[in-house]
>>> print(open('protein-v5.tsv').read())   # TSV, C-alpha atoms
chain	number	residue	atom	x	y	z
Q	1	MET	CA	18.39	136.09	193.15
Q	2	ALA	CA	20.21	136.65	189.87
Q	3	ALA	CA	23.77	135.34	189.59
Q	4	ILE	CA	26.47	138.01	189.35
Q	5	GLU	CA	29.30	136.84	187.14
Q	6	PHE	CA	32.26	138.38	185.36
Q	7	ASP	CA	33.45	135.96	182.71
Q	8	PRO	CA	37.23	136.09	182.06
Q	9	ILE	CA	36.92	137.58	178.59
Q	10	ARG	CA	39.96	138.91	176.73
Q	11	LEU	CA	40.02	141.28	173.79
Q	12	PRO	CA	40.43	139.33	170.52
Q	13	ASP	CA	43.33	139.77	168.10
Q	14	THR	CA	41.09	141.73	165.72
Q	15	ALA	CA	40.47	144.32	168.42
Q	16	GLU	CA	44.18	144.65	169.06
Q	17	GLU	CA	44.77	145.18	165.33
Q	18	LEU	CA	42.17	147.95	165.45
Q	19	ARG	CA	44.07	149.48	168.37
Q	20	LYS	CA	47.07	150.04	166.10
Q	21	GLU	CA	44.85	151.84	163.59
Q	22	VAL	CA	43.34	154.04	166.31
Q	23	ARG	CA	46.76	154.93	167.69
Q	24	ALA	CA	47.95	155.94	164.23
Q	25	PHE	CA	44.87	158.16	163.85
Q	26	ILE	CA	45.50	159.72	167.27
Q	27	ALA	CA	49.14	160.41	166.36
Q	28	GLU	CA	48.01	162.24	163.21
Q	29	GLU	CA	45.49	164.34	165.12
Q	30	LYS	CA	48.05	165.20	167.80
Q	31	ALA	CA	50.43	166.33	165.09
Q	32	SER	CA	47.70	168.52	163.61
Q	33	GLY	CA	46.92	170.01	167.02
Q	34	LEU	CA	43.35	168.70	167.15
Q	35	ILE	CA	44.25	166.50	170.15
Q	36	SER	CA	46.15	168.40	172.81
Q	37	ASP	CA	47.11	167.85	176.43
Q	38	ASP	CA	43.97	169.64	177.64
Q	39	GLN	CA	43.32	167.83	180.90
Q	40	SER	CA	39.55	167.85	180.51
Q	41	GLY	CA	39.42	166.22	177.07
Q	42	GLY	CA	36.97	168.50	175.32
Q	43	PHE	CA	34.36	169.21	172.70
Q	44	SER	CA	35.37	169.41	169.04
Q	45	ALA	CA	32.93	169.25	166.15
Q	46	GLU	CA	35.82	168.76	163.73
Q	47	PHE	CA	37.26	165.82	165.66
Q	48	SER	CA	33.89	164.08	166.07
Q	49	GLU	CA	33.17	164.38	162.36
Q	50	LYS	CA	36.57	162.87	161.57
Q	51	VAL	CA	35.80	159.97	163.92
Q	52	GLY	CA	32.45	159.53	162.18
Q	53	ALA	CA	34.15	159.44	158.80
Q	54	LYS	CA	36.35	156.59	160.09
Q	55	GLY	CA	33.22	154.59	160.92
Q	56	TRP	CA	33.98	154.64	164.66
Q	57	ILE	CA	30.67	156.07	165.85
Q	58	GLY	CA	27.78	153.64	166.04
Q	59	MET	CA	30.22	150.93	165.06
Q	60	THR	CA	28.21	148.17	166.83
Q	61	TRP	CA	24.89	149.26	165.29
Q	62	PRO	CA	23.05	147.51	162.42
Q	63	LYS	CA	24.11	148.67	158.98
Q	64	GLU	CA	20.55	149.71	158.17
Q	65	TYR	CA	21.00	152.51	160.73
Q	66	GLY	CA	24.42	153.56	159.50
Q	67	GLY	CA	26.39	151.27	161.80
Q	68	GLN	CA	29.24	148.90	161.02
Q	69	GLU	CA	27.96	145.80	162.87
Q	70	ARG	CA	31.33	145.49	164.57
Q	71	SER	CA	31.81	144.01	168.02
Q	72	PHE	CA	31.54	145.71	171.40
Q	73	MET	CA	35.18	144.71	171.86
Q	74	ASP	CA	36.12	146.87	168.87
Q	75	ARG	CA	34.18	149.78	170.32
Q	76	TYR	CA	35.86	149.22	173.68
Q	77	VAL	CA	39.30	149.63	172.13
Q	78	VAL	CA	38.37	152.85	170.34
Q	79	ALA	CA	36.87	154.37	173.50
Q	80	GLU	CA	39.82	153.30	175.65
Q	81	GLU	CA	42.43	154.76	173.32
Q	82	PHE	CA	40.55	158.05	173.01
Q	83	LEU	CA	40.31	158.32	176.80
Q	84	LEU	CA	44.01	157.69	177.27
Q	85	ALA	CA	44.83	160.28	174.58
Q	86	LYS	CA	42.47	162.87	176.13
Q	87	ALA	CA	40.75	163.11	172.76
Q	88	PRO	CA	37.90	165.69	172.50
Q	89	THR	CA	35.02	163.18	172.21
Q	90	ARG	CA	32.28	164.96	174.14
Q	91	ARG	CA	30.28	165.91	171.11
Q	92	HIS	CA	29.57	162.32	170.12
Q	93	PHE	CA	30.43	160.10	173.09
Q	94	VAL	CA	27.07	159.85	174.88
Q	95	ALA	CA	25.15	159.55	171.62
Q	96	ASP	CA	27.41	156.69	170.53
Q	97	ARG	CA	27.46	154.93	173.90
Q	98	GLN	CA	23.80	154.92	174.88
Q	99	SER	CA	21.47	157.39	173.17
Q	100	GLY	CA	21.79	155.84	169.72
Q	101	PRO	CA	21.18	152.26	170.95
Q	102	THR	CA	18.13	153.48	172.90
Q	103	ILE	CA	16.71	155.18	169.80
Q	104	ILE	CA	17.36	152.05	167.72
Q	105	LYS	CA	15.42	149.98	170.23
Q	106	TYR	CA	12.54	152.31	171.05
Q	107	GLY	CA	12.40	155.18	168.53
Q	108	THR	CA	9.83	155.67	165.78
Q	109	ALA	CA	10.86	155.09	162.18
Q	110	SER	CA	10.84	158.81	161.43
Q	111	ILE	CA	13.05	159.61	164.42
Q	112	LYS	CA	15.54	156.88	163.49
Q	113	GLU	CA	15.69	158.23	159.94
Q	114	LYS	CA	16.20	161.78	161.16
Q	115	ILE	CA	18.63	161.40	164.08
Q	116	LEU	CA	20.72	158.25	163.66
Q	117	PRO	CA	22.57	159.49	160.53
Q	118	GLN	CA	23.50	162.66	162.46
Q	119	ILE	CA	24.97	160.56	165.26
Q	120	VAL	CA	27.10	158.26	163.09
Q	121	ALA	CA	28.41	161.30	161.20
Q	122	GLY	CA	29.56	162.88	164.49
Q	123	LYS	CA	27.10	165.74	164.08
Q	124	ALA	CA	24.76	165.19	167.04
Q	125	CYS	CA	25.51	165.79	170.72
Q	126	PHE	CA	23.28	164.14	173.33
Q	127	GLY	CA	22.79	164.64	177.06
Q	128	ILE	CA	20.90	162.50	179.56
Q	129	GLY	CA	18.13	164.19	181.57
Q	130	MET	CA	17.42	161.98	184.57
Q	131	SER	CA	18.33	163.47	187.97
Q	132	GLU	CA	16.23	166.22	189.55
Q	133	PRO	CA	16.93	168.75	192.34
Q	134	ASP	CA	14.68	167.09	194.92
Q	135	SER	CA	15.35	163.47	194.05
Q	136	GLY	CA	18.94	163.14	192.80
Q	137	SER	CA	19.60	159.66	191.46
Q	138	ASP	CA	16.30	158.30	192.81
Q	139	LEU	CA	14.59	158.21	189.44
Q	140	PHE	CA	11.39	156.81	190.96
Q	141	ALA	CA	10.89	160.23	192.54
Q	142	ALA	CA	11.15	162.21	189.30
Q	143	ASN	CA	8.51	164.95	189.22
Q	144	THR	CA	9.18	166.97	186.07
Q	145	LYS	CA	5.80	166.58	184.39
Q	146	ALA	CA	4.88	165.84	180.81
Q	147	THR	CA	1.20	166.66	180.36
Q	148	ARG	CA	-0.68	165.24	177.37
Q	149	THR	CA	-2.33	167.81	175.07
Q	150	ASN	CA	-3.80	167.77	171.57
Q	151	GLU	CA	-0.46	169.05	170.25
Q	152	GLY	CA	1.82	166.64	172.07
Q	153	TYR	CA	3.25	166.87	175.59
Q	154	ARG	CA	3.85	170.01	177.64
Q	155	ILE	CA	6.91	169.76	179.90
Q	156	ASN	CA	7.36	171.76	183.11
Q	157	GLY	CA	10.07	171.26	185.70
Q	158	ARG	CA	13.82	170.87	186.09
Q	159	LYS	CA	16.65	168.42	185.59
Q	160	VAL	CA	20.03	168.74	187.31
Q	161	TRP	CA	23.58	167.37	187.00
Q	162	THR	CA	22.92	167.12	183.26
Q	163	SER	CA	26.33	166.74	181.65
Q	164	ASN	CA	26.98	168.84	178.53
Q	165	ALA	CA	23.40	170.12	178.30
Q	166	HIS	CA	24.81	173.52	177.31
Q	167	GLN	CA	26.32	171.89	174.20
Q	168	ALA	CA	23.75	169.19	173.48
Q	169	ASP	CA	21.54	169.11	170.41
Q	170	TYR	CA	19.20	166.63	172.13
Q	171	LEU	CA	18.45	165.16	175.53
Q	172	ILE	CA	16.96	161.78	176.26
Q	173	ALA	CA	14.97	162.73	179.33
Q	174	LEU	CA	12.75	160.92	181.80
Q	175	PHE	CA	9.52	162.73	182.65
Q	176	ARG	CA	6.50	161.90	184.76
Q	177	THR	CA	3.41	161.31	182.60
Q	178	SER	CA	1.20	159.92	185.39
Q	179	GLU	CA	1.35	159.21	189.09
Q	180	PRO	CA	2.87	155.99	190.46
Q	181	THR	CA	0.46	153.40	191.78
Q	182	SER	CA	0.49	151.74	195.19
Q	183	GLU	CA	1.24	148.45	193.45
Q	184	ASN	CA	3.99	149.82	191.20
Q	185	ARG	CA	6.16	152.76	192.23
Q	186	ARG	CA	7.91	152.53	188.86
Q	187	HIS	CA	4.73	153.32	186.93
Q	188	GLY	CA	4.20	156.72	185.31
Q	189	LEU	CA	7.62	157.54	183.83
Q	190	THR	CA	8.17	158.08	180.10
Q	191	ASN	CA	11.30	158.67	178.04
Q	192	PHE	CA	11.37	161.51	175.51
Q	193	ILE	CA	13.83	162.86	172.97
Q	194	VAL	CA	14.08	166.60	173.59
Q	195	ASP	CA	15.31	168.94	170.87
Q	196	MET	CA	17.31	171.49	172.87
Q	197	THR	CA	16.38	174.32	170.46
Q	198	THR	CA	12.71	174.01	171.48
Q	199	PRO	CA	11.31	177.26	172.96
Q	200	GLY	CA	11.04	177.24	176.75
Q	201	ILE	CA	14.28	175.37	177.48
Q	202	SER	CA	17.12	177.09	179.34
Q	203	THR	CA	20.31	175.86	180.99
Q	204	ARG	CA	22.26	177.08	184.00
Q	205	PRO	CA	25.87	176.02	184.58
Q	206	ILE	CA	26.95	174.17	187.72
Q	207	ARG	CA	30.60	175.15	187.98
Q	208	PHE	CA	33.62	173.44	189.47
Q	209	PRO	CA	35.70	175.52	191.92
Q	210	ASN	CA	38.10	176.38	189.06
Q	211	GLY	CA	35.27	177.95	187.04
Q	212	GLN	CA	34.96	175.18	184.44
Q	213	HIS	CA	31.73	173.29	184.01
Q	214	GLU	CA	30.24	170.13	182.56
Q	215	PHE	CA	27.11	169.84	184.69
Q	216	ASN	CA	24.01	171.93	184.19
Q	217	GLU	CA	20.56	172.57	185.53
Q	218	VAL	CA	18.00	172.40	182.71
Q	219	LEU	CA	14.69	174.26	183.07
Q	220	PHE	CA	11.54	173.40	181.12
Q	221	ASP	CA	8.90	176.13	180.95
Q	222	ASP	CA	5.81	174.88	179.11
Q	223	VAL	CA	7.97	173.11	176.51
Q	224	LEU	CA	6.02	171.36	173.74
Q	225	ILE	CA	7.33	167.97	172.61
Q	226	PRO	CA	5.65	166.23	169.63
Q	227	ASP	CA	4.24	162.71	170.04
Q	228	GLU	CA	6.89	161.25	167.72
Q	229	MET	CA	9.55	162.17	170.28
Q	230	VAL	CA	8.20	159.66	172.81
Q	231	LEU	CA	10.61	156.74	173.25
Q	232	GLY	CA	8.90	153.44	173.91
Q	233	VAL	CA	5.76	152.87	175.95
Q	234	VAL	CA	4.17	155.77	177.81
Q	235	ASP	CA	4.29	155.33	181.62
Q	236	ASP	CA	6.60	152.31	181.35
Q	237	ALA	CA	10.07	153.76	180.80
Q	238	TRP	CA	11.71	152.36	183.91
Q	239	LYS	CA	12.91	149.21	182.19
Q	240	GLN	CA	14.25	151.32	179.31
Q	241	ALA	CA	16.13	153.60	181.70
Q	242	THR	CA	17.80	150.75	183.55
Q	243	SER	CA	18.73	149.05	180.28
Q	244	GLU	CA	20.31	152.31	179.09
Q	245	LEU	CA	22.35	152.54	182.28
Q	246	ALA	CA	23.98	149.18	181.56
Q	247	TYR	CA	25.71	150.96	178.67
Q	248	GLU	CA	26.45	154.09	180.70
Q	249	ARG	CA	27.94	152.52	183.82
Q	250	SER	CA	30.28	149.82	182.60
Q	251	GLY	CA	32.81	151.39	180.23
Q	252	SER	CA	36.44	152.33	180.76
Q	253	GLU	CA	35.37	155.96	181.21
Q	254	ARG	CA	34.25	154.88	184.70
Q	255	PHE	CA	37.81	154.37	185.93
Q	256	LEU	CA	40.13	156.19	183.52
Q	257	GLU	CA	39.07	159.80	184.04
Q	258	THR	CA	41.93	160.54	186.47
Q	259	VAL	CA	44.36	157.85	185.30
Q	260	HIS	CA	46.80	160.39	183.87
Q	261	VAL	CA	47.71	161.23	187.48
Q	262	LEU	CA	48.91	157.63	187.89
Q	263	ILE	CA	50.83	157.72	184.61
Q	264	GLU	CA	52.64	160.93	185.57
Q	265	LEU	CA	53.25	159.64	189.12
Q	266	ILE	CA	55.13	156.69	187.64
Q	267	ASN	CA	57.15	159.11	185.50
Q	268	VAL	CA	58.19	161.34	188.41
Q	269	LEU	CA	59.01	158.42	190.71
Q	270	GLY	CA	61.40	157.12	188.07
Q	271	GLU	CA	62.80	153.66	187.40
Q	272	ASN	CA	63.91	153.01	190.98
Q	273	PRO	CA	61.21	154.17	193.42
Q	274	ASP	CA	61.67	153.41	197.10
Q	275	SER	CA	59.86	150.39	198.56
Q	276	ARG	CA	56.93	152.47	199.86
Q	277	ALA	CA	56.28	154.08	196.49
Q	278	ALA	CA	56.82	150.80	194.60
Q	279	GLU	CA	54.27	149.02	196.79
Q	280	GLY	CA	51.76	151.85	196.33
Q	281	ILE	CA	52.18	151.87	192.56
Q	282	GLY	CA	51.85	148.08	192.46
Q	283	ARG	CA	48.58	148.16	194.37
Q	284	LEU	CA	47.12	150.88	192.14
Q	285	ILE	CA	48.06	149.08	188.93
Q	286	ALA	CA	46.66	145.77	190.22
Q	287	GLN	CA	43.39	147.50	191.08
Q	288	LEU	CA	43.28	149.21	187.69
Q	289	HIS	CA	43.91	145.93	185.89
Q	290	THR	CA	41.07	144.28	187.84
Q	291	LEU	CA	38.65	147.06	186.97
Q	292	ARG	CA	39.59	146.82	183.31
Q	293	ARG	CA	39.05	143.06	183.23
Q	294	MET	CA	35.60	143.52	184.80
Q	295	SER	CA	34.73	146.26	182.30
Q	296	VAL	CA	35.84	144.12	179.33
Q	297	SER	CA	33.71	141.30	180.72
Q	298	VAL	CA	30.63	143.54	180.67
Q	299	ALA	CA	31.45	144.51	177.07
Q	300	GLY	CA	31.40	140.80	176.29
Q	301	MET	CA	27.97	140.46	177.88
Q	302	LEU	CA	26.67	143.35	175.79
Q	303	GLU	CA	28.12	141.62	172.74
Q	304	GLU	CA	26.00	138.58	173.61
Q	305	GLY	CA	22.84	140.70	173.80
Q	306	LYS	CA	22.61	140.63	177.60
Q	307	GLU	CA	21.66	143.57	179.83
Q	308	PRO	CA	24.22	143.40	182.65
Q	309	VAL	CA	22.67	146.12	184.83
Q	310	VAL	CA	24.04	144.76	188.12
Q	311	GLU	CA	27.50	144.01	186.77
Q	312	GLY	CA	27.64	147.45	185.15
Q	313	SER	CA	26.67	149.01	188.49
Q	314	ILE	CA	29.51	147.16	190.21
Q	315	VAL	CA	32.03	148.43	187.65
Q	316	LYS	CA	30.75	151.97	188.07
Q	317	ASP	CA	30.74	151.87	191.87
Q	318	LEU	CA	34.22	150.37	192.23
Q	319	GLY	CA	35.65	152.31	189.29
Q	320	THR	CA	34.50	155.78	190.24
Q	321	ASN	CA	35.53	155.27	193.88
Q	322	TRP	CA	38.98	154.22	192.68
Q	323	GLU	CA	39.46	157.13	190.29
Q	324	GLN	CA	38.08	159.57	192.86
Q	325	ALA	CA	40.58	158.43	195.50
Q	326	LEU	CA	43.52	158.30	193.07
Q	327	PRO	CA	44.68	161.97	193.26
Q	328	ALA	CA	44.97	161.88	197.06
Q	329	LYS	CA	46.83	158.55	196.97
Q	330	ALA	CA	49.18	159.88	194.30
Q	331	ARG	CA	49.87	163.02	196.33
Q	332	ASP	CA	50.74	160.83	199.32
Q	333	LEU	CA	53.08	158.58	197.32
Q	334	ALA	CA	54.84	161.62	195.83
Q	335	ALA	CA	55.30	163.35	199.18
Q	336	PHE	CA	58.99	162.42	199.53
Q	337	ILE	CA	60.13	163.19	195.98
Q	338	ASP	CA	63.22	165.39	195.96
Q	339	ASP	CA	61.99	168.52	194.20
Q	340	ASP	CA	65.58	169.55	193.46
Q	341	LEU	CA	66.08	166.45	191.31
Q	342	ILE	CA	62.68	166.11	189.62
Q	343	ASP	CA	60.61	168.59	187.64
Q	344	ARG	CA	57.16	167.81	188.98
Q	345	GLY	CA	55.35	170.79	187.48
Q	346	HIS	CA	53.17	168.72	185.12
Q	347	PHE	CA	52.40	166.22	187.88
Q	348	ASP	CA	51.30	168.98	190.27
Q	349	SER	CA	49.15	170.54	187.57
Q	350	LEU	CA	47.43	167.19	186.97
Q	351	LEU	CA	46.97	166.72	190.70
Q	352	ASP	CA	45.36	170.14	191.12
Q	353	TYR	CA	42.93	169.65	188.25
Q	354	ASN	CA	41.93	166.10	189.15
Q	355	THR	CA	41.52	166.91	192.83
Q	356	ILE	CA	39.02	169.60	191.85
Q	357	ILE	CA	36.96	167.33	189.58
Q	358	ALA	CA	37.16	164.23	191.79
Q	359	PRO	CA	33.96	164.92	193.79
Q	360	LYS	CA	31.82	164.69	190.65
Q	361	LEU	CA	32.97	161.19	189.74
Q	362	THR	CA	30.73	159.30	192.17
Q	363	ILE	CA	27.75	161.50	191.21
Q	364	GLN	CA	27.71	161.28	187.42
Q	365	GLY	CA	25.99	158.16	186.11
Q	366	GLY	CA	24.33	157.43	189.48
Q	367	THR	CA	25.50	157.94	193.05
Q	368	ARG	CA	27.18	155.15	194.98
Q	369	GLU	CA	24.12	154.84	197.23
Q	370	ILE	CA	21.81	154.15	194.28
Q	371	LEU	CA	24.31	151.77	192.72
Q	372	ARG	CA	24.65	149.79	195.92
Q	373	GLY	CA	20.88	149.52	196.15
Q	374	ILE	CA	20.81	147.99	192.67
Q	375	ILE	CA	23.62	145.61	193.60
Q	376	ALA	CA	21.88	144.63	196.84
Q	377	ARG	CA	18.70	143.87	194.92
Q	378	GLY	CA	20.70	141.73	192.52
Q	379	LEU	CA	22.08	139.81	195.48
Q	380	GLY	CA	18.59	139.32	196.92
Q	381	LEU	CA	19.33	141.50	199.93
Q	382	ARG	CA	16.41	143.91	199.44
>>> encode(input="protein-v5.tsv", output="structure tokens")
Amino acid sequence: MAAIEFDPIRLPDTAEELRKEVRAFIAEEKASGLISDDQSGGFSAEFSEKVGAKGWIGMTWPKEYGGQERSFMDRYVVAEEFLLAKAPTRRHFVADRQSGPTIIKYGTASIKEKILPQIVAGKACFGIGMSEPDSGSDLFAANTKATRTNEGYRINGRKVWTSNAHQADYLIALFRTSEPTSENRRHGLTNFIVDMTTPGISTRPIRFPNGQHEFNEVLFDDVLIPDEMVLGVVDDAWKQATSELAYERSGSERFLETVHVLIELINVLGENPDSRAAEGIGRLIAQLHTLRRMSVSVAGMLEEGKEPVVEGSIVKDLGTNWEQALPAKARDLAAFIDDDLIDRGHFDSLLDYNTIIAPKLTIQGGTREILRGIIARGLGLR
């Protein structure tokens, strides 16, 4: 049984100095109109390229790949401030967080030379192609096939719940290259980089009730992928995929997506909330602070070169459950506000939007059932 630990790490003074710089940049971009109060954040090529020019994409990467060799704590501060500002980071966020590090670790020299400069410049958008219609987050059961040919690999099948696939330049996708064995159910999966302009690829939106969409179904109809786009060892991608998820599941984006509801709730309750509201706010802030400390701890583990898959899964499970429940809790705490004294229009708008998106939060990045299986295995319970 592996020990599960969250060391009490705090952000260093250098990271807090960087925070001031990021906040000044955000203030400039708000003044220019590039950052707005759009509740969903957003996708902006112009903003991502400005962030790249600041050196804030790939900032933990080796300099030989265009990185800055800065700490994961520095990256944590940048990501946190952008989330709180609702900055339009979707074009570069996934590539910076996990796709780039995966390519650095497993990509061919030619792929690194071609793609990594695009990422650090804010000019490449990545999606993650893992879940499938008949298997969900059970990646062992992936059946979209990659068949070896003289030209490369032919891909046929579907991926689902693929965030931002309709905007992505590339996917890192997990395909089945051979059947699992009785001794090893994890055998037979291979990671590929998929150029989304390749013939035979199409996307279908999966819409929220308000008509917006982030998720997509991606269809592969006899899609040819060159050999150089294979990431790592053929048939042995499971370890790569779990390592990648340590990056995906542990960041502040796993508990801050609905936090603006809490911020506005505090505003509408005012400086002297009644005892019921004060207690509720206190509990929510204490929980948020705990989640943040755990997330910072995982960033520290990544800084040390560890792969905290179990700890990252715990942050994701607790964090997404918290942010999913937050709109309903906020609605309850605001139930007795005197509408004649308080303008709660912005608060109600935030509530409506975040209530609609809340169901997705425990799906994206792995369902709670899959996460709890990983945690149970880490505890030696299965």
>>> closest_residue(input="protein-v5.tsv", among="Q:Trp322, Q:Val268, Q:Ile172, Q:Leu83", to="His346 of chain Q", atoms="all atoms listed in the file")
Q:Val268
>>> atom_distance(input="protein-v5.tsv", atom1="atom CA of Ala95 of chain Q", atom2="atom CA of Gly127 of chain Q")
7.8 Å
>>> residues_around(input="protein-v5.tsv", residues="segment 295-302 of chain Q", least_positions_apart="6", cutoff="6 Å", atoms="all atoms listed in the file", output="compact mmCIF listing (two decimals) with C-alpha atoms, keeping the file's coordinate frame")
# COMPACT_ATOMS: atom_id res chain seq x y z
CA PHE Q 6 32.26 138.38 185.36
CA ASP Q 7 33.45 135.96 182.71
CA ILE Q 9 36.92 137.58 178.59
CA PHE Q 72 31.54 145.71 171.40
CA SER Q 250 30.28 149.82 182.60
CA GLY Q 251 32.81 151.39 180.23
>>> closest_residue(input="protein-v5.tsv", among="Q:Asp37, Q:Glu179, Q:Glu217, Q:Glu253", to="Lys159 of chain Q", atoms="only C-alpha atoms")
Q:Glu217
>>> atom_distance(input="protein-v5.tsv", atom1="atom CA of Leu262 of chain Q", atom2="atom CA of Asn354 of chain Q")
11.0 Å
>>> residues_around(input="protein-v5.tsv", residues="Leu333 of chain Q", least_positions_apart="2", cutoff="7 Å", atoms="only C-alpha atoms", output="list in words")
Ala277, Gly280, Lys329, Ala330, Arg331 and Ala335 of chain Q
>>> closest_residue(input="protein-v5.tsv", among="Q:Glu49, Q:Glu81, Q:Asp235, Q:Glu271", to="Thr181 of chain Q", atoms="only C-alpha atoms")
Q:Asp235
>>> residues_around(input="protein-v5.tsv", residues="Ala87 of chain Q", least_positions_apart="6", cutoff="12 Å", atoms="only C-alpha atoms", output="short mmCIF file (atom, residue, chain, number, x, y, z; two decimals) with C-alpha atoms, in the coordinates of the input")
data_model
loop_
_atom_site.label_atom_id
_atom_site.label_comp_id
_atom_site.auth_asym_id
_atom_site.auth_seq_id
_atom_site.Cartn_x
_atom_site.Cartn_y
_atom_site.Cartn_z
CA VAL Q 22 43.34 154.04 166.31
CA ARG Q 23 46.76 154.93 167.69
CA PHE Q 25 44.87 158.16 163.85
CA ILE Q 26 45.50 159.72 167.27
CA ALA Q 27 49.14 160.41 166.36
CA GLU Q 29 45.49 164.34 165.12
CA LYS Q 30 48.05 165.20 167.80
CA GLY Q 33 46.92 170.01 167.02
CA LEU Q 34 43.35 168.70 167.15
CA ILE Q 35 44.25 166.50 170.15
CA SER Q 36 46.15 168.40 172.81
CA ASP Q 37 47.11 167.85 176.43
CA ASP Q 38 43.97 169.64 177.64
CA GLN Q 39 43.32 167.83 180.90
CA SER Q 40 39.55 167.85 180.51
CA GLY Q 41 39.42 166.22 177.07
CA GLY Q 42 36.97 168.50 175.32
CA PHE Q 43 34.36 169.21 172.70
CA SER Q 44 35.37 169.41 169.04
CA ALA Q 45 32.93 169.25 166.15
CA GLU Q 46 35.82 168.76 163.73
CA PHE Q 47 37.26 165.82 165.66
CA SER Q 48 33.89 164.08 166.07
CA LYS Q 50 36.57 162.87 161.57
CA VAL Q 51 35.80 159.97 163.92
CA VAL Q 78 38.37 152.85 170.34
CA ALA Q 79 36.87 154.37 173.50
CA GLU Q 80 39.82 153.30 175.65
CA GLU Q 81 42.43 154.76 173.32
CA PHE Q 93 30.43 160.10 173.09
CA GLU Q 257 39.07 159.80 184.04
#
>>> closest_residue(input="protein-v5.tsv", among="Q:Ser135, Q:Asn216, Q:Thr290, Q:Asn191", to="Val160 of chain Q", atoms="all atoms listed in the file")
Q:Asn216
>>> decode(input="protein-v5.tsv", residues="segment 87-101 of chain Q", atoms="N, CA and C atoms", output="PDB file, in the first residue's frame")
ATOM      1  N   ALA Q  87     -10.259  34.640 -17.135  1.00  0.00           N
ATOM      2  CA  ALA Q  87      -9.482  34.922 -18.346  1.00  0.00           C
ATOM      3  C   ALA Q  87      -9.746  33.853 -19.407  1.00  0.00           C
ATOM      4  N   PRO Q  88      -9.733  34.233 -20.692  1.00  0.00           N
ATOM      5  CA  PRO Q  88     -10.031  33.287 -21.785  1.00  0.00           C
ATOM      6  C   PRO Q  88      -8.821  32.422 -22.133  1.00  0.00           C
ATOM      7  N   THR Q  89      -8.581  31.384 -21.349  1.00  0.00           N
ATOM      8  CA  THR Q  89      -7.354  30.574 -21.455  1.00  0.00           C
ATOM      9  C   THR Q  89      -7.540  29.263 -22.211  1.00  0.00           C
ATOM     10  N   ARG Q  90      -8.723  29.007 -22.739  1.00  0.00           N
ATOM     11  CA  ARG Q  90      -8.992  27.669 -23.273  1.00  0.00           C
ATOM     12  C   ARG Q  90      -8.096  27.285 -24.444  1.00  0.00           C
ATOM     13  N   ARG Q  91      -7.627  28.252 -25.169  1.00  0.00           N
ATOM     14  CA  ARG Q  91      -6.807  27.881 -26.317  1.00  0.00           C
ATOM     15  C   ARG Q  91      -5.517  27.188 -25.884  1.00  0.00           C
ATOM     16  N   HIS Q  92      -4.940  27.627 -24.778  1.00  0.00           N
ATOM     17  CA  HIS Q  92      -3.621  27.093 -24.422  1.00  0.00           C
ATOM     18  C   HIS Q  92      -3.588  26.253 -23.155  1.00  0.00           C
ATOM     19  N   PHE Q  93      -4.689  26.240 -22.373  1.00  0.00           N
ATOM     20  CA  PHE Q  93      -4.606  25.709 -21.017  1.00  0.00           C
ATOM     21  C   PHE Q  93      -4.243  24.222 -20.969  1.00  0.00           C
ATOM     22  N   VAL Q  94      -4.939  23.398 -21.717  1.00  0.00           N
ATOM     23  CA  VAL Q  94      -4.678  21.950 -21.677  1.00  0.00           C
ATOM     24  C   VAL Q  94      -3.296  21.629 -22.221  1.00  0.00           C
ATOM     25  N   ALA Q  95      -2.900  22.325 -23.276  1.00  0.00           N
ATOM     26  CA  ALA Q  95      -1.565  22.102 -23.850  1.00  0.00           C
ATOM     27  C   ALA Q  95      -0.478  22.438 -22.841  1.00  0.00           C
ATOM     28  N   ASP Q  96      -0.672  23.516 -22.103  1.00  0.00           N
ATOM     29  CA  ASP Q  96       0.302  23.923 -21.093  1.00  0.00           C
ATOM     30  C   ASP Q  96       0.311  22.953 -19.920  1.00  0.00           C
ATOM     31  N   ARG Q  97      -0.882  22.574 -19.455  1.00  0.00           N
ATOM     32  CA  ARG Q  97      -1.003  21.775 -18.244  1.00  0.00           C
ATOM     33  C   ARG Q  97      -0.483  20.359 -18.424  1.00  0.00           C
ATOM     34  N   GLN Q  98      -0.882  19.682 -19.514  1.00  0.00           N
ATOM     35  CA  GLN Q  98      -0.557  18.260 -19.596  1.00  0.00           C
ATOM     36  C   GLN Q  98      -0.069  17.772 -20.955  1.00  0.00           C
ATOM     37  N   SER Q  99      -0.563  18.338 -22.050  1.00  0.00           N
ATOM     38  CA  SER Q  99      -0.166  17.806 -23.353  1.00  0.00           C
ATOM     39  C   SER Q  99       1.301  18.070 -23.640  1.00  0.00           C
ATOM     40  N   GLY Q 100       1.757  19.293 -23.363  1.00  0.00           N
ATOM     41  CA  GLY Q 100       3.165  19.613 -23.573  1.00  0.00           C
ATOM     42  C   GLY Q 100       4.101  18.730 -22.767  1.00  0.00           C
ATOM     43  N   PRO Q 101       3.883  18.593 -21.432  1.00  0.00           N
ATOM     44  CA  PRO Q 101       4.743  17.701 -20.649  1.00  0.00           C
ATOM     45  C   PRO Q 101       4.739  16.263 -21.153  1.00  0.00           C
TER      46      PRO Q 101
END
